[in-house]
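Structure data follow from coords.pdb (PDB, N, CA and C atoms):
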ATOM      1  N   MET W   1     103.804 129.543 -19.959  1.00  0.00           N
ATOM      2  CA  MET W   1     103.841 129.391 -21.386  1.00  0.00           C
ATOM      3  C   MET W   1     103.618 130.761 -22.036  1.00  0.00           C
ATOM      4  N   SER W   2     104.571 131.226 -22.861  1.00  0.00           N
ATOM      5  CA  SER W   2     104.424 132.524 -23.511  1.00  0.00           C
ATOM      6  C   SER W   2     103.827 132.343 -24.900  1.00  0.00           C
ATOM      7  N   GLU W   3     103.010 133.312 -25.290  1.00  0.00           N
ATOM      8  CA  GLU W   3     102.350 133.262 -26.582  1.00  0.00           C
ATOM      9  C   GLU W   3     103.284 133.829 -27.643  1.00  0.00           C
ATOM     10  N   GLN W   4     103.486 133.099 -28.738  1.00  0.00           N
ATOM     11  CA  GLN W   4     104.340 133.545 -29.825  1.00  0.00           C
ATOM     12  C   GLN W   4     103.500 134.301 -30.849  1.00  0.00           C
ATOM     13  N   LEU W   5     103.863 135.529 -31.155  1.00  0.00           N
ATOM     14  CA  LEU W   5     103.149 136.319 -32.146  1.00  0.00           C
ATOM     15  C   LEU W   5     103.583 135.901 -33.547  1.00  0.00           C
ATOM     16  N   SER W   6     102.648 135.871 -34.465  1.00  0.00           N
ATOM     17  CA  SER W   6     102.943 135.570 -35.854  1.00  0.00           C
ATOM     18  C   SER W   6     103.080 136.899 -36.606  1.00  0.00           C
ATOM     19  N   ILE W   7     104.314 137.284 -36.866  1.00  0.00           N
ATOM     20  CA  ILE W   7     104.608 138.570 -37.486  1.00  0.00           C
ATOM     21  C   ILE W   7     104.713 138.393 -38.997  1.00  0.00           C
ATOM     22  N   TYR W   8     103.925 139.178 -39.738  1.00  0.00           N
ATOM     23  CA  TYR W   8     103.922 139.120 -41.198  1.00  0.00           C
ATOM     24  C   TYR W   8     105.202 139.698 -41.781  1.00  0.00           C
ATOM     25  N   ASP W   9     105.657 140.829 -41.233  1.00  0.00           N
ATOM     26  CA  ASP W   9     106.820 141.519 -41.795  1.00  0.00           C
ATOM     27  C   ASP W   9     107.408 142.457 -40.750  1.00  0.00           C
ATOM     28  N   GLN W  10     108.635 142.914 -41.000  1.00  0.00           N
ATOM     29  CA  GLN W  10     109.265 143.953 -40.186  1.00  0.00           C
ATOM     30  C   GLN W  10     109.410 145.183 -41.065  1.00  0.00           C
ATOM     31  N   ILE W  11     108.923 146.333 -40.581  1.00  0.00           N
ATOM     32  CA  ILE W  11     108.870 147.537 -41.398  1.00  0.00           C
ATOM     33  C   ILE W  11     109.456 148.709 -40.617  1.00  0.00           C
ATOM     34  N   GLU W  12     110.287 149.498 -41.284  1.00  0.00           N
ATOM     35  CA  GLU W  12     110.896 150.682 -40.665  1.00  0.00           C
ATOM     36  C   GLU W  12     109.829 151.733 -40.375  1.00  0.00           C
ATOM     37  N   ILE W  13     109.980 152.442 -39.266  1.00  0.00           N
ATOM     38  CA  ILE W  13     109.021 153.467 -38.876  1.00  0.00           C
ATOM     39  C   ILE W  13     108.878 154.550 -39.953  1.00  0.00           C
ATOM     40  N   GLU W  14     109.960 154.826 -40.680  1.00  0.00           N
ATOM     41  CA  GLU W  14     109.928 155.849 -41.719  1.00  0.00           C
ATOM     42  C   GLU W  14     108.974 155.484 -42.862  1.00  0.00           C
ATOM     43  N   ASP W  15     108.667 154.203 -43.012  1.00  0.00           N
ATOM     44  CA  ASP W  15     107.770 153.753 -44.081  1.00  0.00           C
ATOM     45  C   ASP W  15     106.295 153.878 -43.705  1.00  0.00           C
ATOM     46  N   PHE W  16     106.017 154.114 -42.440  1.00  0.00           N
ATOM     47  CA  PHE W  16     104.639 154.306 -41.982  1.00  0.00           C
ATOM     48  C   PHE W  16     104.203 155.746 -42.242  1.00  0.00           C
ATOM     49  N   THR W  17     102.901 155.953 -42.366  1.00  0.00           N
ATOM     50  CA  THR W  17     102.316 157.288 -42.441  1.00  0.00           C
ATOM     51  C   THR W  17     101.852 157.650 -41.040  1.00  0.00           C
ATOM     52  N   PHE W  18     102.196 158.868 -40.599  1.00  0.00           N
ATOM     53  CA  PHE W  18     101.795 159.309 -39.265  1.00  0.00           C
ATOM     54  C   PHE W  18     100.741 160.395 -39.379  1.00  0.00           C
ATOM     55  N   ASP W  19      99.638 160.230 -38.665  1.00  0.00           N
ATOM     56  CA  ASP W  19      98.576 161.230 -38.580  1.00  0.00           C
ATOM     57  C   ASP W  19      98.692 161.909 -37.219  1.00  0.00           C
ATOM     58  N   PRO W  20      99.166 163.183 -37.173  1.00  0.00           N
ATOM     59  CA  PRO W  20      99.355 163.852 -35.880  1.00  0.00           C
ATOM     60  C   PRO W  20      98.051 164.156 -35.156  1.00  0.00           C
ATOM     61  N   VAL W  21      96.941 164.256 -35.877  1.00  0.00           N
ATOM     62  CA  VAL W  21      95.654 164.531 -35.225  1.00  0.00           C
ATOM     63  C   VAL W  21      95.182 163.301 -34.448  1.00  0.00           C
ATOM     64  N   GLN W  22      95.212 162.143 -35.111  1.00  0.00           N
ATOM     65  CA  GLN W  22      94.798 160.896 -34.452  1.00  0.00           C
ATOM     66  C   GLN W  22      95.932 160.244 -33.672  1.00  0.00           C
ATOM     67  N   GLN W  23      97.168 160.745 -33.868  1.00  0.00           N
ATOM     68  CA  GLN W  23      98.372 160.181 -33.253  1.00  0.00           C
ATOM     69  C   GLN W  23      98.492 158.696 -33.591  1.00  0.00           C
ATOM     70  N   LEU W  24      98.338 158.391 -34.883  1.00  0.00           N
ATOM     71  CA  LEU W  24      98.257 157.018 -35.363  1.00  0.00           C
ATOM     72  C   LEU W  24      99.225 156.796 -36.517  1.00  0.00           C
ATOM     73  N   PHE W  25      99.979 155.700 -36.442  1.00  0.00           N
ATOM     74  CA  PHE W  25     100.838 155.264 -37.537  1.00  0.00           C
ATOM     75  C   PHE W  25     100.072 154.223 -38.346  1.00  0.00           C
ATOM     76  N   THR W  26     100.132 154.316 -39.688  1.00  0.00           N
ATOM     77  CA  THR W  26      99.472 153.328 -40.538  1.00  0.00           C
ATOM     78  C   THR W  26     100.406 152.904 -41.662  1.00  0.00           C
ATOM     79  N   TYR W  27     100.154 151.694 -42.173  1.00  0.00           N
ATOM     80  CA  TYR W  27     100.937 151.131 -43.272  1.00  0.00           C
ATOM     81  C   TYR W  27     100.031 150.179 -44.033  1.00  0.00           C
ATOM     82  N   PRO W  28     100.076 150.171 -45.373  1.00  0.00           N
ATOM     83  CA  PRO W  28      99.178 149.297 -46.149  1.00  0.00           C
ATOM     84  C   PRO W  28      99.358 147.813 -45.818  1.00  0.00           C
ATOM     85  N   CYS W  29      98.238 147.136 -45.642  1.00  0.00           N
ATOM     86  CA  CYS W  29      98.215 145.685 -45.403  1.00  0.00           C
ATOM     87  C   CYS W  29      97.859 145.000 -46.724  1.00  0.00           C
ATOM     88  N   PRO W  30      98.361 143.800 -46.970  1.00  0.00           N
ATOM     89  CA  PRO W  30      98.015 143.094 -48.201  1.00  0.00           C
ATOM     90  C   PRO W  30      96.516 142.851 -48.385  1.00  0.00           C
ATOM     91  N   CYS W  31      95.742 142.862 -47.311  1.00  0.00           N
ATOM     92  CA  CYS W  31      94.298 142.616 -47.414  1.00  0.00           C
ATOM     93  C   CYS W  31      93.548 143.825 -47.967  1.00  0.00           C
ATOM     94  N   GLY W  32      94.217 144.986 -48.060  1.00  0.00           N
ATOM     95  CA  GLY W  32      93.573 146.191 -48.565  1.00  0.00           C
ATOM     96  C   GLY W  32      93.317 147.228 -47.482  1.00  0.00           C
ATOM     97  N   ASP W  33      93.367 146.830 -46.234  1.00  0.00           N
ATOM     98  CA  ASP W  33      93.210 147.773 -45.119  1.00  0.00           C
ATOM     99  C   ASP W  33      94.599 148.304 -44.757  1.00  0.00           C
ATOM    100  N   ARG W  34      94.780 148.768 -43.523  1.00  0.00           N
ATOM    101  CA  ARG W  34      96.065 149.305 -43.088  1.00  0.00           C
ATOM    102  C   ARG W  34      96.423 148.807 -41.690  1.00  0.00           C
ATOM    103  N   PHE W  35      97.710 148.444 -41.521  1.00  0.00           N
ATOM    104  CA  PHE W  35      98.210 148.166 -40.177  1.00  0.00           C
ATOM    105  C   PHE W  35      98.116 149.468 -39.394  1.00  0.00           C
ATOM    106  N   GLN W  36      97.841 149.369 -38.074  1.00  0.00           N
ATOM    107  CA  GLN W  36      97.708 150.566 -37.250  1.00  0.00           C
ATOM    108  C   GLN W  36      98.360 150.357 -35.888  1.00  0.00           C
ATOM    109  N   ILE W  37      98.949 151.431 -35.393  1.00  0.00           N
ATOM    110  CA  ILE W  37      99.433 151.465 -34.016  1.00  0.00           C
ATOM    111  C   ILE W  37      99.465 152.929 -33.582  1.00  0.00           C
ATOM    112  N   CYS W  38      99.069 153.188 -32.349  1.00  0.00           N
ATOM    113  CA  CYS W  38      99.052 154.587 -31.888  1.00  0.00           C
ATOM    114  C   CYS W  38     100.392 154.939 -31.241  1.00  0.00           C
ATOM    115  N   LEU W  39     100.698 156.225 -31.297  1.00  0.00           N
ATOM    116  CA  LEU W  39     101.955 156.740 -30.764  1.00  0.00           C
ATOM    117  C   LEU W  39     102.102 156.407 -29.285  1.00  0.00           C
ATOM    118  N   GLU W  40     101.022 156.527 -28.525  1.00  0.00           N
ATOM    119  CA  GLU W  40     101.080 156.255 -27.087  1.00  0.00           C
ATOM    120  C   GLU W  40     101.518 154.813 -26.814  1.00  0.00           C
ATOM    121  N   ASP W  41     101.016 153.863 -27.597  1.00  0.00           N
ATOM    122  CA  ASP W  41     101.421 152.458 -27.432  1.00  0.00           C
ATOM    123  C   ASP W  41     102.907 152.289 -27.726  1.00  0.00           C
ATOM    124  N   MET W  42     103.389 152.991 -28.745  1.00  0.00           N
ATOM    125  CA  MET W  42     104.815 152.883 -29.086  1.00  0.00           C
ATOM    126  C   MET W  42     105.675 153.494 -27.985  1.00  0.00           C
ATOM    127  N   LYS W  43     105.214 154.607 -27.392  1.00  0.00           N
ATOM    128  CA  LYS W  43     105.962 155.207 -26.279  1.00  0.00           C
ATOM    129  C   LYS W  43     106.006 154.252 -25.088  1.00  0.00           C
ATOM    130  N   ASP W  44     104.981 153.390 -24.963  1.00  0.00           N
ATOM    131  CA  ASP W  44     104.943 152.398 -23.883  1.00  0.00           C
ATOM    132  C   ASP W  44     105.741 151.142 -24.209  1.00  0.00           C
ATOM    133  N   GLY W  45     106.381 151.113 -25.386  1.00  0.00           N
ATOM    134  CA  GLY W  45     107.246 149.995 -25.738  1.00  0.00           C
ATOM    135  C   GLY W  45     106.667 148.995 -26.721  1.00  0.00           C
ATOM    136  N   ASP W  46     105.411 149.175 -27.140  1.00  0.00           N
ATOM    137  CA  ASP W  46     104.836 148.262 -28.131  1.00  0.00           C
ATOM    138  C   ASP W  46     105.488 148.515 -29.487  1.00  0.00           C
ATOM    139  N   ASP W  47     105.731 147.436 -30.238  1.00  0.00           N
ATOM    140  CA  ASP W  47     106.326 147.584 -31.564  1.00  0.00           C
ATOM    141  C   ASP W  47     105.606 146.739 -32.616  1.00  0.00           C
ATOM    142  N   VAL W  48     104.369 146.339 -32.329  1.00  0.00           N
ATOM    143  CA  VAL W  48     103.608 145.513 -33.264  1.00  0.00           C
ATOM    144  C   VAL W  48     102.343 146.258 -33.689  1.00  0.00           C
ATOM    145  N   ALA W  49     102.226 146.487 -35.002  1.00  0.00           N
ATOM    146  CA  ALA W  49     101.034 147.112 -35.567  1.00  0.00           C
ATOM    147  C   ALA W  49     100.108 146.007 -36.059  1.00  0.00           C
ATOM    148  N   VAL W  50      98.804 146.202 -35.863  1.00  0.00           N
ATOM    149  CA  VAL W  50      97.810 145.177 -36.190  1.00  0.00           C
ATOM    150  C   VAL W  50      96.871 145.711 -37.261  1.00  0.00           C
ATOM    151  N   CYS W  51      96.479 144.841 -38.178  1.00  0.00           N
ATOM    152  CA  CYS W  51      95.463 145.205 -39.159  1.00  0.00           C
ATOM    153  C   CYS W  51      94.097 144.909 -38.544  1.00  0.00           C
ATOM    154  N   PRO W  52      93.182 145.898 -38.545  1.00  0.00           N
ATOM    155  CA  PRO W  52      91.867 145.674 -37.935  1.00  0.00           C
ATOM    156  C   PRO W  52      90.955 144.760 -38.757  1.00  0.00           C
ATOM    157  N   SER W  53      91.323 144.489 -40.021  1.00  0.00           N
ATOM    158  CA  SER W  53      90.455 143.695 -40.891  1.00  0.00           C
ATOM    159  C   SER W  53      90.868 142.235 -41.034  1.00  0.00           C
ATOM    160  N   CYS W  54      92.112 141.939 -40.720  1.00  0.00           N
ATOM    161  CA  CYS W  54      92.573 140.548 -40.843  1.00  0.00           C
ATOM    162  C   CYS W  54      93.496 140.230 -39.667  1.00  0.00           C
ATOM    163  N   SER W  55      94.082 139.078 -39.659  1.00  0.00           N
ATOM    164  CA  SER W  55      94.885 138.650 -38.510  1.00  0.00           C
ATOM    165  C   SER W  55      96.359 139.024 -38.632  1.00  0.00           C
ATOM    166  N   LEU W  56      96.750 139.749 -39.678  1.00  0.00           N
ATOM    167  CA  LEU W  56      98.165 140.049 -39.873  1.00  0.00           C
ATOM    168  C   LEU W  56      98.662 141.106 -38.896  1.00  0.00           C
ATOM    169  N   MET W  57      99.928 140.962 -38.513  1.00  0.00           N
ATOM    170  CA  MET W  57     100.616 141.919 -37.654  1.00  0.00           C
ATOM    171  C   MET W  57     101.990 142.173 -38.249  1.00  0.00           C
ATOM    172  N   CYS W  58     102.517 143.371 -38.058  1.00  0.00           N
ATOM    173  CA  CYS W  58     103.878 143.657 -38.496  1.00  0.00           C
ATOM    174  C   CYS W  58     104.636 144.312 -37.346  1.00  0.00           C
ATOM    175  N   GLN W  59     105.918 144.046 -37.317  1.00  0.00           N
ATOM    176  CA  GLN W  59     106.776 144.630 -36.290  1.00  0.00           C
ATOM    177  C   GLN W  59     107.391 145.915 -36.839  1.00  0.00           C
ATOM    178  N   ILE W  60     107.357 146.966 -36.039  1.00  0.00           N
ATOM    179  CA  ILE W  60     107.909 148.249 -36.441  1.00  0.00           C
ATOM    180  C   ILE W  60     109.335 148.354 -35.919  1.00  0.00           C
ATOM    181  N   ILE W  61     110.236 148.670 -36.823  1.00  0.00           N
ATOM    182  CA  ILE W  61     111.639 148.828 -36.442  1.00  0.00           C
ATOM    183  C   ILE W  61     111.882 150.308 -36.169  1.00  0.00           C
ATOM    184  N   PHE W  62     112.209 150.631 -34.926  1.00  0.00           N
ATOM    185  CA  PHE W  62     112.457 152.019 -34.541  1.00  0.00           C
ATOM    186  C   PHE W  62     113.261 152.061 -33.255  1.00  0.00           C
ATOM    187  N   GLU W  63     113.877 153.210 -33.038  1.00  0.00           N
ATOM    188  CA  GLU W  63     114.557 153.500 -31.784  1.00  0.00           C
ATOM    189  C   GLU W  63     113.665 154.455 -30.997  1.00  0.00           C
ATOM    190  N   GLU W  64     113.728 154.389 -29.711  1.00  0.00           N
ATOM    191  CA  GLU W  64     112.881 155.250 -28.873  1.00  0.00           C
ATOM    192  C   GLU W  64     113.032 156.734 -29.229  1.00  0.00           C
ATOM    193  N   GLU W  65     114.254 157.152 -29.542  1.00  0.00           N
ATOM    194  CA  GLU W  65     114.468 158.567 -29.874  1.00  0.00           C
ATOM    195  C   GLU W  65     113.815 158.964 -31.202  1.00  0.00           C
ATOM    196  N   ASP W  66     113.506 157.978 -32.078  1.00  0.00           N
ATOM    197  CA  ASP W  66     112.799 158.267 -33.329  1.00  0.00           C
ATOM    198  C   ASP W  66     111.410 158.858 -33.070  1.00  0.00           C
ATOM    199  N   LEU W  67     110.809 158.517 -31.948  1.00  0.00           N
ATOM    200  CA  LEU W  67     109.445 158.955 -31.657  1.00  0.00           C
ATOM    201  C   LEU W  67     109.356 160.454 -31.396  1.00  0.00           C
ATOM    202  N   GLN W  68     110.458 161.074 -30.971  1.00  0.00           N
ATOM    203  CA  GLN W  68     110.425 162.503 -30.646  1.00  0.00           C
ATOM    204  C   GLN W  68     110.015 163.344 -31.856  1.00  0.00           C
ATOM    205  N   GLU W  69     110.453 162.952 -33.040  1.00  0.00           N
ATOM    206  CA  GLU W  69     110.073 163.670 -34.257  1.00  0.00           C
ATOM    207  C   GLU W  69     108.550 163.725 -34.426  1.00  0.00           C
ATOM    208  N   TYR W  70     107.883 162.634 -34.098  1.00  0.00           N
ATOM    209  CA  TYR W  70     106.427 162.563 -34.242  1.00  0.00           C
ATOM    210  C   TYR W  70     105.723 163.277 -33.090  1.00  0.00           C
ATOM    211  N   ILE W  71     106.301 163.227 -31.911  1.00  0.00           N
ATOM    212  CA  ILE W  71     105.752 163.957 -30.764  1.00  0.00           C
ATOM    213  C   ILE W  71     105.794 165.455 -31.051  1.00  0.00           C
ATOM    214  N   ASP W  72     106.880 165.909 -31.687  1.00  0.00           N
ATOM    215  CA  ASP W  72     107.022 167.327 -32.034  1.00  0.00           C
ATOM    216  C   ASP W  72     105.942 167.770 -33.018  1.00  0.00           C
ATOM    217  N   GLN W  73     105.500 166.889 -33.912  1.00  0.00           N
ATOM    218  CA  GLN W  73     104.446 167.215 -34.874  1.00  0.00           C
ATOM    219  C   GLN W  73     103.124 167.485 -34.155  1.00  0.00           C
ATOM    220  N   ILE W  74     102.886 166.799 -33.048  1.00  0.00           N
ATOM    221  CA  ILE W  74     101.652 166.960 -32.290  1.00  0.00           C
ATOM    222  C   ILE W  74     101.651 168.306 -31.572  1.00  0.00           C
ATOM    223  N   ASP W  75     102.801 168.697 -31.057  1.00  0.00           N
ATOM    224  CA  ASP W  75     102.918 169.914 -30.263  1.00  0.00           C
ATOM    225  C   ASP W  75     102.776 171.192 -31.088  1.00  0.00           C
ATOM    226  N   GLN W  76     102.792 171.088 -32.411  1.00  0.00           N
ATOM    227  CA  GLN W  76     102.727 172.279 -33.266  1.00  0.00           C
ATOM    228  C   GLN W  76     101.308 172.751 -33.449  1.00  0.00           C
TER
END
For this file, produce the structure as structure tokens.
Amino acid sequence: MSEQLSIYDQIEIEDFTFDPVQQLFTYPCPCGDRFQICLEDMKDGDDVAVCPSCSLMCQIIFEEEDLQEYIDQIDQ
């Protein structure tokens, strides 16, 4: 039996804010906090960002090659 995730929304990666120091993508959640997902998780194939304050999750729409732009920001 597979667990079905309850996804609040689908959001393009370009709409997220990326912090190269923490290597973290964030996006405003309706609860007032922010959805979060780390770059390493996305490189491993994860595409769901979770809000740490509530149960909402959003799916990030991106292509694997989109991540290189953010990896380059870390290397600078």
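Per DSSP on the backbone, alpha helix (DSSP H) in chain W comprises Leu39, Glu40, Asp41, Met42, Lys43, Leu67, Gln68, Glu69, Tyr70, Ile71, Asp72, Gln73, Ile74 and Asp75 of chain W.
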Q: Compile the contact shell of segment 21-28 of chain W as a ChimeraX atom specification: residues with an atom at most 5 Å away, counting all atoms listed in the file, same-chain residues fewer than 6 positions apart removed.
A: /W:34-39
Shell around segment 63-72 of chain W at 8 Å using only N, CA and C atoms, local window under 5 positions removed, as an mmCIF file with N, CA and C atoms, in the frame of the given file:
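part_25.cif, freshly written:
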data_model
loop_
_atom_site.group_PDB
_atom_site.id
_atom_site.type_symbol
_atom_site.label_atom_id
_atom_site.label_comp_id
_atom_site.auth_asym_id
_atom_site.auth_seq_id
_atom_site.Cartn_x
_atom_site.Cartn_y
_atom_site.Cartn_z
ATOM 1 N N ILE W 13 109.980 152.442 -39.266
ATOM 2 C CA ILE W 13 109.021 153.467 -38.876
ATOM 3 C C ILE W 13 108.878 154.550 -39.953
ATOM 4 N N PHE W 18 102.196 158.868 -40.599
ATOM 5 C CA PHE W 18 101.795 159.309 -39.265
ATOM 6 C C PHE W 18 100.741 160.395 -39.379
ATOM 7 N N PRO W 20 99.166 163.183 -37.173
ATOM 8 C CA PRO W 20 99.355 163.852 -35.880
ATOM 9 C C PRO W 20 98.051 164.156 -35.156
ATOM 10 N N GLN W 23 97.168 160.745 -33.868
ATOM 11 C CA GLN W 23 98.372 160.181 -33.253
ATOM 12 C C GLN W 23 98.492 158.696 -33.591
ATOM 13 N N LEU W 39 100.698 156.225 -31.297
ATOM 14 C CA LEU W 39 101.955 156.740 -30.764
ATOM 15 C C LEU W 39 102.102 156.407 -29.285
ATOM 16 N N MET W 42 103.389 152.991 -28.745
ATOM 17 C CA MET W 42 104.815 152.883 -29.086
ATOM 18 C C MET W 42 105.675 153.494 -27.985
ATOM 19 N N LYS W 43 105.214 154.607 -27.392
ATOM 20 C CA LYS W 43 105.962 155.207 -26.279
ATOM 21 C C LYS W 43 106.006 154.252 -25.088
#
(Q) Since I can't run it myself right now, could you work out what the PyMOL selection byres (((chain W and resi 55 and name CA) around 10) and name CA) selects here and report it as a PyMOL selection string? (A) chain W and resi 6-8+31+50-54+56-57
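Between atom C of Gly32 of chain W and atom CA of Phe62 of chain W the separation is 23.6 Å.
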**Q.** Nearest-residue call for Gln59 of chain W, choices W:Asp15, W:Gln10, W:Glu40, W:Gly45, using only N, CA and C atoms
**A.** W:Gln10
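Counting from atom CA of Asp33 of chain W, the distance to atom N of Ile74 of chain W is 24.5 Å.
With atom N of Gln73 of chain W on one side and atom N of Ile11 of chain W on the other, the separation reads 21.9 Å.
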(Q) From a backbone DSSP assignment, name each residue in chain W labelled strand (DSSP E or B), as an NGL selection string. (A) :W and (9-12 or 17-19 or 24-28 or 34-38 or 48-50 or 57-61)
Would you write out those residues with N, CA and C atoms, as a PDB file, keeping the file's coordinate frame?
ATOM      1  N   ASP W   9     105.657 140.829 -41.233  1.00  0.00           N
ATOM      2  CA  ASP W   9     106.820 141.519 -41.795  1.00  0.00           C
ATOM      3  C   ASP W   9     107.408 142.457 -40.750  1.00  0.00           C
ATOM      4  N   GLN W  10     108.635 142.914 -41.000  1.00  0.00           N
ATOM      5  CA  GLN W  10     109.265 143.953 -40.186  1.00  0.00           C
ATOM      6  C   GLN W  10     109.410 145.183 -41.065  1.00  0.00           C
ATOM      7  N   ILE W  11     108.923 146.333 -40.581  1.00  0.00           N
ATOM      8  CA  ILE W  11     108.870 147.537 -41.398  1.00  0.00           C
ATOM      9  C   ILE W  11     109.456 148.709 -40.617  1.00  0.00           C
ATOM     10  N   GLU W  12     110.287 149.498 -41.284  1.00  0.00           N
ATOM     11  CA  GLU W  12     110.896 150.682 -40.665  1.00  0.00           C
ATOM     12  C   GLU W  12     109.829 151.733 -40.375  1.00  0.00           C
ATOM     13  N   THR W  17     102.901 155.953 -42.366  1.00  0.00           N
ATOM     14  CA  THR W  17     102.316 157.288 -42.441  1.00  0.00           C
ATOM     15  C   THR W  17     101.852 157.650 -41.040  1.00  0.00           C
ATOM     16  N   PHE W  18     102.196 158.868 -40.599  1.00  0.00           N
ATOM     17  CA  PHE W  18     101.795 159.309 -39.265  1.00  0.00           C
ATOM     18  C   PHE W  18     100.741 160.395 -39.379  1.00  0.00           C
ATOM     19  N   ASP W  19      99.638 160.230 -38.665  1.00  0.00           N
ATOM     20  CA  ASP W  19      98.576 161.230 -38.580  1.00  0.00           C
ATOM     21  C   ASP W  19      98.692 161.909 -37.219  1.00  0.00           C
ATOM     22  N   LEU W  24      98.338 158.391 -34.883  1.00  0.00           N
ATOM     23  CA  LEU W  24      98.257 157.018 -35.363  1.00  0.00           C
ATOM     24  C   LEU W  24      99.225 156.796 -36.517  1.00  0.00           C
ATOM     25  N   PHE W  25      99.979 155.700 -36.442  1.00  0.00           N
ATOM     26  CA  PHE W  25     100.838 155.264 -37.537  1.00  0.00           C
ATOM     27  C   PHE W  25     100.072 154.223 -38.346  1.00  0.00           C
ATOM     28  N   THR W  26     100.132 154.316 -39.688  1.00  0.00           N
ATOM     29  CA  THR W  26      99.472 153.328 -40.538  1.00  0.00           C
ATOM     30  C   THR W  26     100.406 152.904 -41.662  1.00  0.00           C
ATOM     31  N   TYR W  27     100.154 151.694 -42.173  1.00  0.00           N
ATOM     32  CA  TYR W  27     100.937 151.131 -43.272  1.00  0.00           C
ATOM     33  C   TYR W  27     100.031 150.179 -44.033  1.00  0.00           C
ATOM     34  N   PRO W  28     100.076 150.171 -45.373  1.00  0.00           N
ATOM     35  CA  PRO W  28      99.178 149.297 -46.149  1.00  0.00           C
ATOM     36  C   PRO W  28      99.358 147.813 -45.818  1.00  0.00           C
ATOM     37  N   ARG W  34      94.780 148.768 -43.523  1.00  0.00           N
ATOM     38  CA  ARG W  34      96.065 149.305 -43.088  1.00  0.00           C
ATOM     39  C   ARG W  34      96.423 148.807 -41.690  1.00  0.00           C
ATOM     40  N   PHE W  35      97.710 148.444 -41.521  1.00  0.00           N
ATOM     41  CA  PHE W  35      98.210 148.166 -40.177  1.00  0.00           C
ATOM     42  C   PHE W  35      98.116 149.468 -39.394  1.00  0.00           C
ATOM     43  N   GLN W  36      97.841 149.369 -38.074  1.00  0.00           N
ATOM     44  CA  GLN W  36      97.708 150.566 -37.250  1.00  0.00           C
ATOM     45  C   GLN W  36      98.360 150.357 -35.888  1.00  0.00           C
ATOM     46  N   ILE W  37      98.949 151.431 -35.393  1.00  0.00           N
ATOM     47  CA  ILE W  37      99.433 151.465 -34.016  1.00  0.00           C
ATOM     48  C   ILE W  37      99.465 152.929 -33.582  1.00  0.00           C
ATOM     49  N   CYS W  38      99.069 153.188 -32.349  1.00  0.00           N
ATOM     50  CA  CYS W  38      99.052 154.587 -31.888  1.00  0.00           C
ATOM     51  C   CYS W  38     100.392 154.939 -31.241  1.00  0.00           C
ATOM     52  N   VAL W  48     104.369 146.339 -32.329  1.00  0.00           N
ATOM     53  CA  VAL W  48     103.608 145.513 -33.264  1.00  0.00           C
ATOM     54  C   VAL W  48     102.343 146.258 -33.689  1.00  0.00           C
ATOM     55  N   ALA W  49     102.226 146.487 -35.002  1.00  0.00           N
ATOM     56  CA  ALA W  49     101.034 147.112 -35.567  1.00  0.00           C
ATOM     57  C   ALA W  49     100.108 146.007 -36.059  1.00  0.00           C
ATOM     58  N   VAL W  50      98.804 146.202 -35.863  1.00  0.00           N
ATOM     59  CA  VAL W  50      97.810 145.177 -36.190  1.00  0.00           C
ATOM     60  C   VAL W  50      96.871 145.711 -37.261  1.00  0.00           C
ATOM     61  N   MET W  57      99.928 140.962 -38.513  1.00  0.00           N
ATOM     62  CA  MET W  57     100.616 141.919 -37.654  1.00  0.00           C
ATOM     63  C   MET W  57     101.990 142.173 -38.249  1.00  0.00           C
ATOM     64  N   CYS W  58     102.517 143.371 -38.058  1.00  0.00           N
ATOM     65  CA  CYS W  58     103.878 143.657 -38.496  1.00  0.00           C
ATOM     66  C   CYS W  58     104.636 144.312 -37.346  1.00  0.00           C
ATOM     67  N   GLN W  59     105.918 144.046 -37.317  1.00  0.00           N
ATOM     68  CA  GLN W  59     106.776 144.630 -36.290  1.00  0.00           C
ATOM     69  C   GLN W  59     107.391 145.915 -36.839  1.00  0.00           C
ATOM     70  N   ILE W  60     107.357 146.966 -36.039  1.00  0.00           N
ATOM     71  CA  ILE W  60     107.909 148.249 -36.441  1.00  0.00           C
ATOM     72  C   ILE W  60     109.335 148.354 -35.919  1.00  0.00           C
ATOM     73  N   ILE W  61     110.236 148.670 -36.823  1.00  0.00           N
ATOM     74  CA  ILE W  61     111.639 148.828 -36.442  1.00  0.00           C
ATOM     75  C   ILE W  61     111.882 150.308 -36.169  1.00  0.00           C
TER      76      ILE W  61
END
First collect every listed atom of segment 31-47 of chain W; then fit an axis-aligned box around them, widen it by 8 Å on each side, and give centre and edge lengths in Å to one decimal, as lines of an AutoDock Vina configuration file.
center_x = 100.2
center_y = 149.7
center_z = -36.2
size_x = 30.0
size_y = 30.1
size_z = 40.7
